[in-house]
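Engineer: Sharing a structure here in C-alpha cells format.
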Amino acid sequence: MTSVPAWQRAAYNIAALRELARAKLPRPVFDFGDGGAETEWTLRRNEQAFSEQALVPCPLQGAAERDLSLTLFGQRLSMPLLIGPTGLAGLFWPDGELASARAAATAGTAYCLSHGSVCTLEALAALGTAPRWMQVFVYRDRGFTRELTDRAAAAGYHALVLTVDNQLLGNRERDLKNGFGIPPRFTPWQLLGMARQLPWLWRMRHALPTLTFGNYVRPGSRETLATLAGRMGSILDPGMCWDDVRALRERWPGPLLLKGILHPDEAAQAARLGIDGLIVSNHGGRQLDGAISSFEALPAIVRAVRTTHPDLPILLDGGIRRGADLAKALALGATAGLIARPQLWGLAVAGEAGVAHVLEIYRRELDRAMGLLGAATLRDLQPRLLAGSYPNLTAMPG
Ligand SMILES: Cc1cc2nc3c(=O)[nH]c(=O)nc-3n(C[C@H](O)[C@H](O)[C@H](O)COP(=O)(O)O)c2cc1C
C-alpha cells in the first residue's frame, strides 16, 4: 500500500489547500492569484451565490454507479470540470502551465492555456497533452490577434477562447497594497520574513529571472516581462466589438468560445453568430467589481440561448470550490465548469501532483453529490434538484 503524502492529507478539500498555498507563497504572489478587484464583492459573491442555493435530493432514482463523463466538441472528457486560462501560472511552480496541462490530461480533462502563459503555446503543444484550448484577446493591433490565432491552429489547439472582459485591466488593490509588480521583486525586509517561503524561492531560483509572457516575446526582442506587463493595458482594445468576433469566427476553423459573457443579450447574439460555446464568467471578480456572480447570471443565459440553440455548450467559472457547486451549476443548465485559482493553489503546494489532487477532490465530491442526489449521469442533474425551482421551498440562507 502506498502511503498518502502529508500535504495530501492536509489538503482534504479546496479551502484547506488554499491555506497550504498561502503558507508556501510569498504574500504578494499569493495575493496576486487569490485577489479580486476593488472591494472584492464580486469575488466573494461568486462563492456565496452557490452557498445560497440548496439542493433537493431525489435519492430513490437509483444511482449506484455514477457516470461523470461527457463529450465536448467531439472529445470525451472524464468529468465536467476543466482548467481555465490563468496567466503566469509559471510564477507558482516552475513550468506551472506544463505541470497543469499534464495533470489535466492524466485526469482526462481539458486544459486552456492563457495568452499570458510563461511558456509559449508551442512549448505546451509539444507536450502532446489533449484536449488543449488556447485563450486570446482582441489587440489594438488586430494583426497580433490573427497571429496568435494562426499559431494556435498550427500548434493543433482544439478550441479557441476569446476573453471579452479584460480589455481594461481590473483595479486589483491587493497588488497595489503589496507593491506587486511583474516580475515580482522583494524588498530586503520582505525577504527576511520569508523563512516559510524559502522552498518556493529556491524552487523558483532559475525560473524567476527568466520569467516572461512567452507568447509575446519575439526572437531578438529586448522586451522584458516588466516592459511587456507595463504595456499590457495599452495593447488591448476596449473598442473591441462584434465585428471582431465575426472576424475571429471566419479565421478560426475549430470550436470558438467567448469567455466573460454575463448578459443574456450578448449570449444570444454570440449564438446567432455561430459561436460554438460560451463561458459565463466575471473573470473571478478580478475585473468589474460589482458585476453579477456567474452562478446568478447563468439561468437567464440558459433561457436566452437554449430555446434557439439547445445543444450549445454553456460553461461557467468563478467560485466553484466544491463538487456540489458544480452539481448546482449543471442542474441549472451549465455543460461544464472551469477552475483557475484552485489549480494555482495545487501548483504552489505540489506542482503537477498538486493539480492532480485538486482535480481528484472535485471528481470525488461531484461523484458523491450525484450519488446523494440520485443522479446517475450528468443529464440527471436538472433544475428540479434545486430548491430555487420550488416556490414553497426557500433557498438556504448564506
Ligand atoms: C492569477 C489569475 C490569472 C488569470 N489569467 C487569466 C487569463 O490570462 N485569461 C483569462 O481569460 N482569464 C484569466 N483569469 C480568470 C480565470 O480564467 C477565471 O475566469 C477566474 O479566475 C474564475 O475562476 P476561479 O474562481 O476558479 O478562480 C485569471 C485568473 C487568475 C486568478
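In the C-alpha cells, each chain is lettered A, B, ... as it comes, each chain's residues begin at 1, and ligands are numbered from 1 in order of appearance.
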Check every protein, DNA and RNA residue against ligand 1, keep those with an atom at most 6 Å away (counting only C-alpha atoms and all ligand atoms), and present them as a list in words.

Structural biologist: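 Checked against 6 Å with only C-alpha atoms and all ligand atoms; the hits are Gly33, Asp34, Gly84, Pro85, Thr86, Gly87, Ser114, His115, Gly116, Thr163, Ser281, His283, Gly284, Asp317, Gly318, Gly319, Ile320, Ile339, Ala340 and Arg341 of chain A.
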
Engineer: How would the residues just chosen look if you wrote them out with C-alpha atoms as a CSV table (one decimal), in the first residue's frame?

Structural biologist:
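Below is the file that was written, part37.csv:
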chain,number,residue,atom,x,y,z
A,33,GLY,CA,-3.5,34.8,-7.5
A,34,ASP,CA,-6.1,35.0,-4.8
A,84,GLY,CA,-9.3,27.6,-17.2
A,85,PRO,CA,-6.8,30.1,-18.5
A,86,THR,CA,-4.5,31.5,-15.8
A,87,GLY,CA,-1.8,33.9,-16.7
A,114,SER,CA,-3.7,31.6,-21.1
A,115,HIS,CA,-2.4,34.3,-23.5
A,116,GLY,CA,-0.2,35.3,-20.6
A,163,THR,CA,-11.9,36.5,-23.4
A,281,SER,CA,-17.6,34.4,-16.2
A,283,HIS,CA,-13.0,36.8,-14.5
A,284,GLY,CA,-13.2,35.6,-11.0
A,317,ASP,CA,-16.4,29.6,-13.9
A,318,GLY,CA,-16.0,31.7,-10.8
A,319,GLY,CA,-16.1,30.4,-7.2
A,320,ILE,CA,-16.5,26.6,-7.9
A,339,ILE,CA,-11.4,26.4,-12.2
A,340,ALA,CA,-8.5,28.8,-12.1
A,341,ARG,CA,-7.3,29.7,-8.6

Engineer: Provide the atom CA of A:His158 to atom CA of A:Thr109 distance in Å, to one decimal place.

Structural biologist: 12.6 Å

Engineer: Can you tell me which residues surround A:Phe144 at a distance of at most 10 Å, considering only C-alpha atoms, apart from same-chain residues fewer than 6 positions away, and format the answer as a list in words?

Structural biologist: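 So the residues in contact are Val136, Phe137, Val138, Asp150, Tyr216 and Ile235 of chain A.
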
Engineer: Can you list, as number ranges by chain, every protein, DNA or RNA residue that comes within 9 Å of A:Arg102 when you count only C-alpha atoms, leaving out same-chain residues fewer than 6 positions away?

Structural biologist: A: 111, 127, 129-130, 352, 356

Engineer: Would you mind exporting C-alpha atoms of the selected residues as a compact mmCIF listing (two decimals), in the first residue's frame?

Structural biologist:
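Contents of selection38.txt, freshly written:
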# COMPACT_ATOMS: atom_id res chain seq x y z
CA TYR A 111 -6.58 22.49 -20.22
CA LEU A 127 3.82 18.01 -24.68
CA THR A 129 -1.47 16.73 -23.99
CA ALA A 130 -5.11 16.88 -25.02
CA GLU A 352 1.69 18.57 -11.10
CA ALA A 356 -3.90 16.21 -9.97

Engineer: With the cut-off set at 12 Å and counting only C-alpha atoms, tabulate each residue of stretch 106-177 of chain A with an atom at most that distance from an atom of stretch 242-252 of chain A, showing the nearest atom pair and its distance in Å to one decimal, ordered by chain and increasing number, as JSON lines.

Structural biologist:
{"residue": "A:Met134", "atom": "CA", "partner": "A:Trp252", "partner_atom": "CA", "distance": 11.4}
{"residue": "A:Val136", "atom": "CA", "partner": "A:Leu248", "partner_atom": "CA", "distance": 10.4}
{"residue": "A:Phe137", "atom": "CA", "partner": "A:Asp244", "partner_atom": "CA", "distance": 10.1}
{"residue": "A:Val138", "atom": "CA", "partner": "A:Asp244", "partner_atom": "CA", "distance": 7.3}
{"residue": "A:Tyr139", "atom": "CA", "partner": "A:Asp244", "partner_atom": "CA", "distance": 9.9}
{"residue": "A:Arg140", "atom": "CA", "partner": "A:Asp244", "partner_atom": "CA", "distance": 10.9}
{"residue": "A:Asp141", "atom": "CA", "partner": "A:Asp244", "partner_atom": "CA", "distance": 11.7}
{"residue": "A:Arg142", "atom": "CA", "partner": "A:Asp244", "partner_atom": "CA", "distance": 8.6}
{"residue": "A:Gly143", "atom": "CA", "partner": "A:Leu248", "partner_atom": "CA", "distance": 11.3}
{"residue": "A:Phe144", "atom": "CA", "partner": "A:Leu248", "partner_atom": "CA", "distance": 12.0}
{"residue": "A:Thr145", "atom": "CA", "partner": "A:Leu248", "partner_atom": "CA", "distance": 8.5}
{"residue": "A:Arg146", "atom": "CA", "partner": "A:Arg251", "partner_atom": "CA", "distance": 7.7}
{"residue": "A:Glu147", "atom": "CA", "partner": "A:Arg251", "partner_atom": "CA", "distance": 10.5}
{"residue": "A:Leu148", "atom": "CA", "partner": "A:Trp252", "partner_atom": "CA", "distance": 10.6}
{"residue": "A:Thr149", "atom": "CA", "partner": "A:Trp252", "partner_atom": "CA", "distance": 6.8}
{"residue": "A:Asp150", "atom": "CA", "partner": "A:Trp252", "partner_atom": "CA", "distance": 7.7}
{"residue": "A:Arg151", "atom": "CA", "partner": "A:Trp252", "partner_atom": "CA", "distance": 10.7}
{"residue": "A:Ala152", "atom": "CA", "partner": "A:Trp252", "partner_atom": "CA", "distance": 9.2}
{"residue": "A:Ala153", "atom": "CA", "partner": "A:Trp252", "partner_atom": "CA", "distance": 7.5}
{"residue": "A:Ala154", "atom": "CA", "partner": "A:Trp252", "partner_atom": "CA", "distance": 10.9}
{"residue": "A:Gly156", "atom": "CA", "partner": "A:Trp252", "partner_atom": "CA", "distance": 11.7}
{"residue": "A:Tyr157", "atom": "CA", "partner": "A:Trp252", "partner_atom": "CA", "distance": 10.6}
{"residue": "A:His158", "atom": "CA", "partner": "A:Trp252", "partner_atom": "CA", "distance": 10.4}
{"residue": "A:Ala159", "atom": "CA", "partner": "A:Trp252", "partner_atom": "CA", "distance": 8.8}
{"residue": "A:Leu160", "atom": "CA", "partner": "A:Trp252", "partner_atom": "CA", "distance": 7.6}
{"residue": "A:Val161", "atom": "CA", "partner": "A:Leu248", "partner_atom": "CA", "distance": 10.3}
{"residue": "A:Leu162", "atom": "CA", "partner": "A:Val245", "partner_atom": "CA", "distance": 8.3}
{"residue": "A:Thr163", "atom": "CA", "partner": "A:Val245", "partner_atom": "CA", "distance": 10.6}
{"residue": "A:Val164", "atom": "CA", "partner": "A:Val245", "partner_atom": "CA", "distance": 9.7}
